[in-house]
$ cat protein-v9.pdb   # PDB, C-alpha atoms
ATOM      1  CA  ALA K 220      -8.408   0.977  20.444  1.00  0.00           C
ATOM      2  CA  GLY K 221      -6.381  -1.891  19.036  1.00  0.00           C
ATOM      3  CA  GLY K 222      -8.345  -4.933  20.196  1.00  0.00           C
ATOM      4  CA  ALA K 223     -11.397  -6.539  18.650  1.00  0.00           C
ATOM      5  CA  ALA K 224     -14.777  -5.625  20.085  1.00  0.00           C
ATOM      6  CA  THR K 225     -16.305  -8.041  22.603  1.00  0.00           C
ATOM      7  CA  ASN K 226     -19.817  -9.441  22.177  1.00  0.00           C
ATOM      8  CA  ASN K 227     -22.468  -6.693  22.169  1.00  0.00           C
ATOM      9  CA  ALA K 228     -19.780  -4.002  22.526  1.00  0.00           C
ATOM     10  CA  ALA K 229     -19.712  -1.047  20.187  1.00  0.00           C
ATOM     11  CA  PRO K 230     -16.920  -1.201  17.593  1.00  0.00           C
ATOM     12  CA  SER K 231     -13.784   0.706  18.501  1.00  0.00           C
ATOM     13  CA  ALA K 232     -12.676   3.738  16.515  1.00  0.00           C
ATOM     14  CA  MET K 233     -10.081   1.573  14.752  1.00  0.00           C
ATOM     15  CA  GLU K 234     -12.683  -1.050  13.845  1.00  0.00           C
ATOM     16  CA  THR K 235     -14.947   1.648  12.451  1.00  0.00           C
ATOM     17  CA  MET K 236     -12.164   3.248  10.432  1.00  0.00           C
ATOM     18  CA  PHE K 237     -10.903  -0.123   9.161  1.00  0.00           C
ATOM     19  CA  PRO K 238     -13.923  -2.444   8.923  1.00  0.00           C
ATOM     20  CA  PRO K 239     -13.585  -6.204   8.343  1.00  0.00           C
ATOM     21  CA  TRP K 240     -13.023  -7.049   4.699  1.00  0.00           C
ATOM     22  CA  ASP K 241     -16.290  -7.537   2.814  1.00  0.00           C
ATOM     23  CA  LYS K 242     -15.509  -8.061  -0.850  1.00  0.00           C
ATOM     24  CA  ALA K 243     -19.076  -7.563  -2.066  1.00  0.00           C
ATOM     25  CA  ALA K 244     -19.467  -4.306  -0.116  1.00  0.00           C
ATOM     26  CA  VAL K 245     -16.093  -3.028  -1.305  1.00  0.00           C
ATOM     27  CA  GLU K 246     -16.849  -3.782  -4.937  1.00  0.00           C
ATOM     28  CA  ALA K 247     -20.266  -2.112  -4.699  1.00  0.00           C
ATOM     29  CA  ASP K 248     -18.771   1.008  -3.098  1.00  0.00           C
ATOM     30  CA  LEU K 249     -16.013   1.314  -5.699  1.00  0.00           C
ATOM     31  CA  LYS K 250     -18.431   0.715  -8.557  1.00  0.00           C
ATOM     32  CA  ALA K 251     -20.633   3.517  -7.244  1.00  0.00           C
ATOM     33  CA  SER K 252     -17.644   5.871  -6.954  1.00  0.00           C
ATOM     34  CA  ALA K 253     -16.644   5.208 -10.554  1.00  0.00           C
ATOM     35  CA  GLY K 254     -20.180   5.799 -11.816  1.00  0.00           C
ATOM     36  CA  VAL K 255     -20.041   9.575 -11.510  1.00  0.00           C
ATOM     37  CA  GLU K 256     -18.169  10.787 -14.587  1.00  0.00           C
ATOM     38  CA  GLY K 257     -15.524  13.382 -13.871  1.00  0.00           C
ATOM     39  CA  SER K 258     -15.892  13.043 -10.109  1.00  0.00           C
ATOM     40  CA  LYS K 259     -12.744  12.446  -8.040  1.00  0.00           C
ATOM     41  CA  TYR K 260     -12.686  10.884  -4.587  1.00  0.00           C
ATOM     42  CA  THR K 261     -10.761  12.888  -2.009  1.00  0.00           C
ATOM     43  CA  ASP K 262      -9.902  11.636   1.445  1.00  0.00           C
ATOM     44  CA  ASP K 263     -10.193  15.078   3.022  1.00  0.00           C
ATOM     45  CA  ALA K 264      -9.070  13.999   6.483  1.00  0.00           C
ATOM     46  CA  GLU K 265      -6.145  11.707   5.667  1.00  0.00           C
ATOM     47  CA  GLY K 266      -5.382  11.862   1.954  1.00  0.00           C
ATOM     48  CA  LEU K 267      -2.198  13.916   2.417  1.00  0.00           C
ATOM     49  CA  LEU K 268      -0.585  11.947   5.235  1.00  0.00           C
ATOM     50  CA  CYS K 269       3.179  11.463   5.210  1.00  0.00           C
ATOM     51  CA  PRO K 270       6.141  11.434   7.641  1.00  0.00           C
ATOM     52  CA  GLU K 271       7.546  14.782   8.745  1.00  0.00           C
ATOM     53  CA  ALA K 272      10.905  13.863   7.169  1.00  0.00           C
ATOM     54  CA  MET K 273       9.189  13.528   3.776  1.00  0.00           C
ATOM     55  CA  LYS K 274       7.385  16.869   3.844  1.00  0.00           C
ATOM     56  CA  VAL K 275      10.521  18.894   3.118  1.00  0.00           C
ATOM     57  CA  PHE K 276      10.878  17.113  -0.245  1.00  0.00           C
ATOM     58  CA  ILE K 277       7.263  17.520  -1.385  1.00  0.00           C
ATOM     59  CA  ASP K 278       6.498  20.244  -3.880  1.00  0.00           C
ATOM     60  CA  VAL K 279       2.895  19.329  -4.688  1.00  0.00           C
ATOM     61  CA  TRP K 280       0.420  16.427  -4.614  1.00  0.00           C
ATOM     62  CA  LYS K 281      -0.736  15.169  -8.011  1.00  0.00           C
ATOM     63  CA  ARG K 282      -3.251  12.739  -9.416  1.00  0.00           C
ATOM     64  CA  PRO K 283      -1.729   9.895 -11.483  1.00  0.00           C
ATOM     65  CA  GLU K 284      -2.828  11.428 -14.794  1.00  0.00           C
ATOM     66  CA  GLU K 285      -0.735  14.496 -13.924  1.00  0.00           C
ATOM     67  CA  LEU K 286       2.505  12.637 -13.180  1.00  0.00           C
ATOM     68  CA  LEU K 287       3.744  12.137 -16.746  1.00  0.00           C
ATOM     69  CA  GLN K 288       2.875  14.625 -19.462  1.00  0.00           C
ATOM     70  CA  ASP K 289       3.449  12.114 -22.272  1.00  0.00           C
ATOM     71  CA  GLN K 290       1.670   9.243 -20.470  1.00  0.00           C
ATOM     72  CA  PRO K 291      -1.565  10.322 -18.806  1.00  0.00           C
ATOM     73  CA  ALA K 292      -2.777   6.725 -18.400  1.00  0.00           C
ATOM     74  CA  ILE K 293      -0.546   5.152 -15.720  1.00  0.00           C
ATOM     75  CA  PRO K 294      -1.194   1.385 -15.402  1.00  0.00           C
ATOM     76  CA  MET K 295      -1.924  -0.177 -12.030  1.00  0.00           C
ATOM     77  CA  VAL K 296       0.377  -3.136 -12.679  1.00  0.00           C
ATOM     78  CA  THR K 297       2.110  -4.519 -15.758  1.00  0.00           C
ATOM     79  CA  LEU K 298       3.237  -8.152 -15.672  1.00  0.00           C
ATOM     80  CA  ASP K 299       5.751  -9.972 -17.820  1.00  0.00           C
ATOM     81  CA  ALA K 300       3.567 -11.980 -20.207  1.00  0.00           C
ATOM     82  CA  ALA K 301       6.519 -14.171 -21.208  1.00  0.00           C
ATOM     83  CA  ALA K 302       7.386 -15.205 -17.640  1.00  0.00           C
ATOM     84  CA  GLU K 303       6.465 -18.660 -16.414  1.00  0.00           C
ATOM     85  CA  ALA K 304       3.587 -18.629 -13.941  1.00  0.00           C
ATOM     86  CA  GLY K 305       4.342 -19.700 -10.374  1.00  0.00           C
ATOM     87  CA  PRO K 306       2.209 -21.872  -8.079  1.00  0.00           C
ATOM     88  CA  HIS K 307      -0.199 -18.980  -7.449  1.00  0.00           C
ATOM     89  CA  GLY K 308      -0.345 -17.593 -10.984  1.00  0.00           C
ATOM     90  CA  SER K 309       1.643 -14.968 -12.816  1.00  0.00           C
ATOM     91  CA  ARG K 310       3.333 -12.413 -10.553  1.00  0.00           C
ATOM     92  CA  ALA K 311       6.459 -11.565 -12.532  1.00  0.00           C
ATOM     93  CA  LEU K 312       6.914  -7.863 -13.174  1.00  0.00           C
ATOM     94  CA  ASP K 313       8.453  -6.540 -16.370  1.00  0.00           C
ATOM     95  CA  SER K 314      11.483  -5.603 -14.278  1.00  0.00           C
ATOM     96  CA  GLU K 315      11.701  -7.026 -10.768  1.00  0.00           C
ATOM     97  CA  ASN K 316      14.610  -4.735  -9.889  1.00  0.00           C
ATOM     98  CA  ALA K 317      12.762  -1.517 -10.702  1.00  0.00           C
ATOM     99  CA  LEU K 318      11.363  -0.812  -7.235  1.00  0.00           C
ATOM    100  CA  PHE K 319      12.780   2.320  -5.638  1.00  0.00           C
ATOM    101  CA  SER K 320      12.426   4.515  -2.575  1.00  0.00           C
ATOM    102  CA  GLY K 321      11.361   8.059  -3.383  1.00  0.00           C
ATOM    103  CA  THR K 322      12.894   9.426  -0.172  1.00  0.00           C
ATOM    104  CA  ALA K 323      15.308   8.070   2.442  1.00  0.00           C
ATOM    105  CA  CYS K 324      12.671   8.141   5.196  1.00  0.00           C
ATOM    106  CA  ILE K 325      10.597   5.534   3.339  1.00  0.00           C
ATOM    107  CA  GLU K 326      13.487   3.251   2.362  1.00  0.00           C
ATOM    108  CA  TRP K 327      12.551   0.754   5.097  1.00  0.00           C
ATOM    109  CA  LEU K 328       9.146   0.273   3.438  1.00  0.00           C
ATOM    110  CA  TYR K 329      10.784  -0.144   0.037  1.00  0.00           C
ATOM    111  CA  MET K 330      12.888  -2.940   1.561  1.00  0.00           C
ATOM    112  CA  ALA K 331       9.783  -4.564   3.074  1.00  0.00           C
ATOM    113  CA  ILE K 332       7.900  -4.508  -0.243  1.00  0.00           C
ATOM    114  CA  ARG K 333      10.950  -5.848  -2.072  1.00  0.00           C
ATOM    115  CA  LEU K 334      11.174  -8.697   0.463  1.00  0.00           C
ATOM    116  CA  ILE K 335       7.525  -9.610  -0.118  1.00  0.00           C
ATOM    117  CA  ASN K 336       8.033  -9.464  -3.889  1.00  0.00           C
ATOM    118  CA  GLU K 337      10.961 -11.866  -3.582  1.00  0.00           C
ATOM    119  CA  ARG K 338       8.767 -14.304  -1.625  1.00  0.00           C
ATOM    120  CA  ALA K 339       5.939 -14.317  -4.169  1.00  0.00           C
ATOM    121  CA  ASP K 340       5.774 -18.126  -4.326  1.00  0.00           C
ATOM    122  CA  SER K 341       5.173 -18.290  -0.548  1.00  0.00           C
ATOM    123  CA  ILE K 342       2.069 -16.087  -0.529  1.00  0.00           C
ATOM    124  CA  ASN K 343      -1.412 -17.427  -1.164  1.00  0.00           C
ATOM    125  CA  ALA K 344      -3.377 -16.406  -4.222  1.00  0.00           C
ATOM    126  CA  GLY K 345      -5.180 -13.136  -3.591  1.00  0.00           C
ATOM    127  CA  ASP K 346      -2.858 -12.072  -0.736  1.00  0.00           C
ATOM    128  CA  PHE K 347       0.102 -10.750  -2.725  1.00  0.00           C
ATOM    129  CA  LEU K 348       0.894  -7.020  -2.871  1.00  0.00           C
ATOM    130  CA  TRP K 349      -1.160  -5.635  -5.797  1.00  0.00           C
ATOM    131  CA  GLU K 350      -3.675  -8.517  -5.497  1.00  0.00           C
ATOM    132  CA  ASN K 351      -4.947  -6.785  -2.337  1.00  0.00           C
ATOM    133  CA  ILE K 352      -5.870  -3.605  -4.239  1.00  0.00           C
ATOM    134  CA  TYR K 353      -9.433  -3.058  -5.446  1.00  0.00           C
ATOM    135  CA  PRO K 354     -11.239  -2.468  -7.814  1.00  0.00           C
ATOM    136  CA  LYS K 355     -10.366  -5.392 -10.066  1.00  0.00           C
ATOM    137  CA  GLY K 356     -10.562  -5.663 -13.830  1.00  0.00           C
ATOM    138  CA  ALA K 357     -11.992  -8.468 -15.930  1.00  0.00           C
ATOM    139  CA  ASP K 358      -8.571 -10.173 -15.870  1.00  0.00           C
ATOM    140  CA  GLY K 359      -8.603 -10.331 -12.075  1.00  0.00           C
ATOM    141  CA  LEU K 360      -5.804  -7.792 -11.703  1.00  0.00           C
ATOM    142  CA  PRO K 361      -6.331  -4.489  -9.877  1.00  0.00           C
ATOM    143  CA  ALA K 362      -7.669  -1.838 -12.188  1.00  0.00           C
ATOM    144  CA  VAL K 363      -7.371   1.933 -12.336  1.00  0.00           C
ATOM    145  CA  ASN K 364     -10.423   3.618 -10.833  1.00  0.00           C
ATOM    146  CA  PRO K 365     -11.205   6.851 -12.742  1.00  0.00           C
ATOM    147  CA  ALA K 366     -12.621   8.247  -9.492  1.00  0.00           C
ATOM    148  CA  GLY K 367      -9.258   7.815  -7.750  1.00  0.00           C
ATOM    149  CA  LYS K 368     -10.658   5.700  -4.898  1.00  0.00           C
ATOM    150  CA  TYR K 369      -9.022   2.437  -3.848  1.00  0.00           C
ATOM    151  CA  SER K 370      -9.678  -0.140  -1.159  1.00  0.00           C
ATOM    152  CA  VAL K 371      -6.667  -2.079   0.091  1.00  0.00           C
ATOM    153  CA  ARG K 372      -7.084  -5.381   1.909  1.00  0.00           C
ATOM    154  CA  MET K 373      -4.698  -5.387   4.893  1.00  0.00           C
ATOM    155  CA  TRP K 374      -4.154  -7.557   7.969  1.00  0.00           C
ATOM    156  CA  VAL K 375      -5.041  -5.325  10.915  1.00  0.00           C
ATOM    157  CA  MET K 376      -6.137  -6.338  14.430  1.00  0.00           C
ATOM    158  CA  ASN K 377      -5.987 -10.057  13.577  1.00  0.00           C
ATOM    159  CA  ALA K 378      -8.286  -9.814  10.568  1.00  0.00           C
ATOM    160  CA  TRP K 379      -8.283  -8.762   6.924  1.00  0.00           C
ATOM    161  CA  ARG K 380      -9.676  -5.232   6.900  1.00  0.00           C
ATOM    162  CA  CYS K 381     -10.410  -2.461   4.419  1.00  0.00           C
ATOM    163  CA  VAL K 382      -8.127   0.565   4.195  1.00  0.00           C
ATOM    164  CA  THR K 383      -9.493   3.205   1.814  1.00  0.00           C
ATOM    165  CA  VAL K 384      -7.198   5.743   0.139  1.00  0.00           C
ATOM    166  CA  ASP K 385      -7.337   8.292  -2.643  1.00  0.00           C
ATOM    167  CA  ASP K 386      -4.774   8.476  -5.449  1.00  0.00           C
ATOM    168  CA  ARG K 387      -3.118  11.828  -4.721  1.00  0.00           C
ATOM    169  CA  ILE K 388       0.645  11.302  -4.928  1.00  0.00           C
ATOM    170  CA  PRO K 389       3.328  13.566  -3.387  1.00  0.00           C
ATOM    171  CA  VAL K 390       6.035  14.647  -5.833  1.00  0.00           C
ATOM    172  CA  ASP K 391       9.233  16.669  -5.486  1.00  0.00           C
ATOM    173  CA  LEU K 392      10.459  19.664  -7.492  1.00  0.00           C
ATOM    174  CA  PHE K 393      11.560  17.334 -10.284  1.00  0.00           C
ATOM    175  CA  GLY K 394       8.148  15.663 -10.538  1.00  0.00           C
ATOM    176  CA  ARG K 395       9.299  12.418  -8.926  1.00  0.00           C
ATOM    177  CA  SER K 396       7.150  10.573  -6.407  1.00  0.00           C
ATOM    178  CA  THR K 397       8.431  10.649  -2.838  1.00  0.00           C
ATOM    179  CA  LEU K 398       6.733   7.313  -2.050  1.00  0.00           C
ATOM    180  CA  VAL K 399       7.846   3.771  -2.816  1.00  0.00           C
ATOM    181  CA  GLY K 400       7.639   3.534  -6.596  1.00  0.00           C
ATOM    182  CA  ILE K 401       8.601   1.398  -9.541  1.00  0.00           C
ATOM    183  CA  ARG K 402      10.057   1.924 -13.002  1.00  0.00           C
ATOM    184  CA  PRO K 403       8.370   1.838 -15.435  1.00  0.00           C
ATOM    185  CA  LEU K 404       5.754   3.773 -13.502  1.00  0.00           C
ATOM    186  CA  MET K 405       2.850   1.773 -12.043  1.00  0.00           C
ATOM    187  CA  LEU K 406       0.314   2.713  -9.405  1.00  0.00           C
ATOM    188  CA  TRP K 407       0.345  -0.325  -7.132  1.00  0.00           C
ATOM    189  CA  PRO K 408       3.355   0.564  -4.906  1.00  0.00           C
ATOM    190  CA  LEU K 409       2.095   4.137  -4.569  1.00  0.00           C
ATOM    191  CA  ILE K 410      -1.352   2.949  -3.435  1.00  0.00           C
ATOM    192  CA  LEU K 411       0.144   0.416  -1.011  1.00  0.00           C
ATOM    193  CA  THR K 412       2.450   3.073   0.453  1.00  0.00           C
ATOM    194  CA  LYS K 413      -0.508   5.388   1.061  1.00  0.00           C
ATOM    195  CA  ALA K 414      -2.423   2.571   2.785  1.00  0.00           C
ATOM    196  CA  VAL K 415       0.555   1.754   5.011  1.00  0.00           C
ATOM    197  CA  MET K 416       0.982   5.413   5.950  1.00  0.00           C
ATOM    198  CA  LYS K 417      -2.712   5.672   6.861  1.00  0.00           C
ATOM    199  CA  LEU K 418      -2.282   2.769   9.283  1.00  0.00           C
ATOM    200  CA  MET K 419       0.926   4.327  10.608  1.00  0.00           C
ATOM    201  CA  GLN K 420      -1.017   7.480  11.432  1.00  0.00           C
ATOM    202  CA  HIS K 421      -3.615   5.565  13.435  1.00  0.00           C
ATOM    203  CA  TYR K 422      -1.002   3.492  15.239  1.00  0.00           C
ATOM    204  CA  ARG K 423       0.911   6.721  15.982  1.00  0.00           C
ATOM    205  CA  VAL K 424       4.115   5.507  14.329  1.00  0.00           C
ATOM    206  CA  MET K 425       4.079   7.854  11.333  1.00  0.00           C
ATOM    207  CA  ASP K 426       7.594   9.104  11.985  1.00  0.00           C
ATOM    208  CA  ASN K 427       9.138   5.726  12.766  1.00  0.00           C
ATOM    209  CA  ALA K 428      11.402   4.422  10.047  1.00  0.00           C
ATOM    210  CA  ALA K 429      12.292   0.778  10.613  1.00  0.00           C
ATOM    211  CA  PRO K 430      10.478  -2.529   9.977  1.00  0.00           C
ATOM    212  CA  ASP K 431      10.882  -3.543  13.633  1.00  0.00           C
ATOM    213  CA  GLU K 432       8.986  -0.375  14.606  1.00  0.00           C
ATOM    214  CA  VAL K 433       6.259  -0.548  11.956  1.00  0.00           C
ATOM    215  CA  PRO K 434       4.711  -3.988  11.155  1.00  0.00           C
ATOM    216  CA  ALA K 435       4.205  -3.221   7.462  1.00  0.00           C
ATOM    217  CA  VAL K 436       5.000  -6.771   6.330  1.00  0.00           C
ATOM    218  CA  LEU K 437       2.335  -8.077   8.710  1.00  0.00           C
ATOM    219  CA  TRP K 438      -0.194  -5.540   7.400  1.00  0.00           C
ATOM    220  CA  LEU K 439       0.575  -6.393   3.771  1.00  0.00           C
ATOM    221  CA  THR K 440       0.721 -10.196   4.060  1.00  0.00           C
ATOM    222  CA  GLY K 441      -0.800 -11.426   7.316  1.00  0.00           C
ATOM    223  CA  TRP K 442       2.556 -13.023   8.239  1.00  0.00           C
ATOM    224  CA  GLU K 443       3.070 -12.970  11.985  1.00  0.00           C
ATOM    225  CA  ARG K 444       6.427 -11.601  13.064  1.00  0.00           C
ATOM    226  CA  GLU K 445       8.757 -14.126  14.750  1.00  0.00           C
ATOM    227  CA  CYS K 446      11.263 -12.831  17.282  1.00  0.00           C
ATOM    228  CA  LEU K 447      14.877 -13.952  16.788  1.00  0.00           C
ATOM    229  CA  GLY K 448      15.717 -13.295  20.421  1.00  0.00           C
ATOM    230  CA  THR K 449      18.295 -10.649  19.507  1.00  0.00           C
ATOM    231  CA  SER K 450      18.177  -6.938  20.265  1.00  0.00           C
ATOM    232  CA  THR K 451      19.885  -4.050  18.506  1.00  0.00           C
ATOM    233  CA  ALA K 452      19.986  -0.296  18.994  1.00  0.00           C
ATOM    234  CA  HIS K 453      16.717  -0.168  17.044  1.00  0.00           C
ATOM    235  CA  GLY K 454      15.012  -2.852  19.126  1.00  0.00           C
ATOM    236  CA  VAL K 455      14.249  -6.543  18.718  1.00  0.00           C
ATOM    237  CA  LEU K 456      15.158  -8.383  15.517  1.00  0.00           C
ATOM    238  CA  TYR K 457      12.523 -10.343  13.652  1.00  0.00           C
ATOM    239  CA  ASP K 458      12.875 -12.806  10.817  1.00  0.00           C
ATOM    240  CA  ARG K 459      10.393 -10.770   8.777  1.00  0.00           C
TER     241      ARG K 459
END

$ encode --input "protein-v9.pdb" --output "structure tokens"
Amino acid sequence: AGGAATNNAAPSAMETMFPPWDKAAVEADLKASAGVEGSKYTDDAEGLLCPEAMKVFIDVWKRPEELLQDQPAIPMVTLDAAAEAGPHGSRALDSENALFSGTACIEWLYMAIRLINERADSINAGDFLWENIYPKGADGLPAVNPAGKYSVRMWVMNAWRCVTVDDRIPVDLFGRSTLVGIRPLMLWPLILTKAVMKLMQHYRVMDNAAPDEVPAVLWLTGWERECLGTSTAHGVLYDR
């Protein structure tokens, strides 16, 4: 199921679930979803995916507008307007050290996202973390979709492909997200975490918890992993 289809062959189940990235088709689909006022997109089959080790901490799944009582409008991403733009534009967050892991079982993904954030100047325009989330606003940044439907551009099966998720977020008894998050609260790490977990489900690695076991950096950036030729108790070491 992992390889690309040969000429005249029917697409595999993975290729059907995660079609090649088509920006025009994605934008048209998301625009249509946002056109029905009051309607919320729900991924009935896979919208509540998470590792078994996370389930014990989850109290309920909430939409973003339900997360903070005094702040119903959670931004997708907030950048530091005073920061100097890098070679690929402005990517500086208001607080670069605000990323956090909502639960221990997802800490490896928090570390992977933090690594990518630290290498912002090495990633091409349009390929960086939140830049892969659609829909986009007039400023080119990812925008909140009132319908709760998001398409994430991810490197899967040697191509940029579309991973569609809804915006239901798991929270614990204290109302805190159990996913990779950021303070002040923004949606982009939550959406990326959901997209990664959807791929984990289809690659049957949902309960793995190490970057050498789950190629999340590859999925999020397109960077090929390079073996260091060293093995540990967890497997082979890679430079990223």

$ resolve_selection --input "protein-v9.pdb" --expression "the PyMOL selection byres ((chain K and resi 421) around 12)" --output "VMD selection string"
chain K and resid 220 to 221 232 to 234 236 to 237 265 268 375 382 414 to 420 422 to 426 433

$ resolve_selection --input "protein-v9.pdb" --expression "the PyMOL selection byres ((chain K and resi 361) around 9)" --output "MDAnalysis selection string"
chainID K and resid 295:296 349:356 358:360 362:363 407

$ residues_around --input "protein-v9.pdb" --residues "Asp299 in chain K" --least-positions-apart "5" --cutoff "7 Å" --atoms "all atoms listed in the file" --output "JSON, numbers by chain"
{"K": [311, 312, 313]}

$ atom_distance --input "protein-v9.pdb" --atom1 "CA of Leu398 in chain K" --atom2 "CA of Glu337 in chain K"
19.7 Å

$ resolve_selection --input "protein-v9.pdb" --expression "the PyMOL selection byres ((chain K and resi 260) around 6)" --output "VMD selection string"
chain K and resid 259 261 366 to 368

$ residues_around --input "protein-v9.pdb" --residues "Met405 in chain K" --least-positions-apart "5" --cutoff "12 Å" --atoms "all atoms listed in the file" --output "list in words"
Pro283, Glu284, Leu286, Leu287, Gln290, Pro291, Ala292, Ile293, Pro294, Met295, Val296, Thr297, Leu298, Leu312, Asp313, Ser314, Ala317, Leu318, Phe319, Trp349, Pro361, Ala362, Val363, Ser396, Val399, Gly400, Ile410 and Leu411 of chain K

$ residues_around --input "protein-v9.pdb" --residues "range 344-346 of chain K" --least-positions-apart "5" --cutoff "12 Å" --atoms "all atoms listed in the file" --output "ChimeraX atom specification"
/K:242,305-310,335-336,338-339,351-353,355,359-361,371-374,379,436-442

$ build_atoms --input "protein-v9.pdb" --residues "range 241-248 of chain K" --atoms "all heavy atoms" --output "mmCIF file, keeping the file's coordinate frame"
data_model
loop_
_atom_site.group_PDB
_atom_site.id
_atom_site.type_symbol
_atom_site.label_atom_id
_atom_site.label_comp_id
_atom_site.auth_asym_id
_atom_site.auth_seq_id
_atom_site.Cartn_x
_atom_site.Cartn_y
_atom_site.Cartn_z
ATOM 1 N N ASP K 241 -15.048 -7.033 3.402
ATOM 2 C CA ASP K 241 -16.290 -7.537 2.814
ATOM 3 C C ASP K 241 -16.183 -7.256 1.313
ATOM 4 O O ASP K 241 -16.455 -6.150 0.862
ATOM 5 C CB ASP K 241 -17.494 -6.830 3.435
ATOM 6 C CG ASP K 241 -18.823 -7.359 2.910
ATOM 7 O OD1 ASP K 241 -18.873 -7.836 1.748
ATOM 8 O OD2 ASP K 241 -19.832 -7.277 3.648
ATOM 9 N N LYS K 242 -15.794 -8.253 0.572
ATOM 10 C CA LYS K 242 -15.509 -8.061 -0.850
ATOM 11 C C LYS K 242 -16.699 -7.500 -1.607
ATOM 12 O O LYS K 242 -16.550 -6.569 -2.414
ATOM 13 C CB LYS K 242 -15.066 -9.382 -1.478
ATOM 14 C CG LYS K 242 -14.691 -9.276 -2.957
ATOM 15 C CD LYS K 242 -14.245 -10.621 -3.513
ATOM 16 C CE LYS K 242 -13.931 -10.523 -4.995
ATOM 17 N NZ LYS K 242 -13.522 -11.848 -5.559
ATOM 18 N N ALA K 243 -17.883 -8.030 -1.346
ATOM 19 C CA ALA K 243 -19.076 -7.563 -2.066
ATOM 20 C C ALA K 243 -19.349 -6.097 -1.765
ATOM 21 O O ALA K 243 -19.664 -5.306 -2.665
ATOM 22 C CB ALA K 243 -20.278 -8.429 -1.700
ATOM 23 N N ALA K 244 -19.218 -5.700 -0.492
ATOM 24 C CA ALA K 244 -19.467 -4.306 -0.116
ATOM 25 C C ALA K 244 -18.420 -3.381 -0.715
ATOM 26 O O ALA K 244 -18.742 -2.279 -1.178
ATOM 27 C CB ALA K 244 -19.489 -4.177 1.409
ATOM 28 N N VAL K 245 -17.174 -3.829 -0.724
ATOM 29 C CA VAL K 245 -16.093 -3.028 -1.305
ATOM 30 C C VAL K 245 -16.323 -2.814 -2.798
ATOM 31 O O VAL K 245 -16.216 -1.693 -3.310
ATOM 32 C CB VAL K 245 -14.730 -3.715 -1.061
ATOM 33 C CG1 VAL K 245 -13.646 -3.114 -1.959
ATOM 34 C CG2 VAL K 245 -14.332 -3.592 0.393
ATOM 35 N N GLU K 246 -16.640 -3.888 -3.496
ATOM 36 C CA GLU K 246 -16.849 -3.782 -4.937
ATOM 37 C C GLU K 246 -18.039 -2.878 -5.260
ATOM 38 O O GLU K 246 -17.995 -2.093 -6.214
ATOM 39 C CB GLU K 246 -17.046 -5.169 -5.538
ATOM 40 C CG GLU K 246 -15.765 -6.004 -5.523
ATOM 41 C CD GLU K 246 -15.958 -7.396 -6.078
ATOM 42 O OE1 GLU K 246 -17.114 -7.901 -6.056
ATOM 43 O OE2 GLU K 246 -14.966 -8.006 -6.522
ATOM 44 N N ALA K 247 -19.096 -2.964 -4.473
ATOM 45 C CA ALA K 247 -20.266 -2.112 -4.699
ATOM 46 C C ALA K 247 -19.923 -0.643 -4.458
ATOM 47 O O ALA K 247 -20.336 0.237 -5.226
ATOM 48 C CB ALA K 247 -21.410 -2.550 -3.787
ATOM 49 N N ASP K 248 -19.157 -0.366 -3.417
ATOM 50 C CA ASP K 248 -18.771 1.008 -3.098
ATOM 51 C C ASP K 248 -17.893 1.596 -4.195
ATOM 52 O O ASP K 248 -18.089 2.732 -4.631
ATOM 53 C CB ASP K 248 -18.042 1.038 -1.762
ATOM 54 C CG ASP K 248 -17.513 2.422 -1.423
ATOM 55 O OD1 ASP K 248 -18.327 3.350 -1.287
ATOM 56 O OD2 ASP K 248 -16.281 2.580 -1.308
#
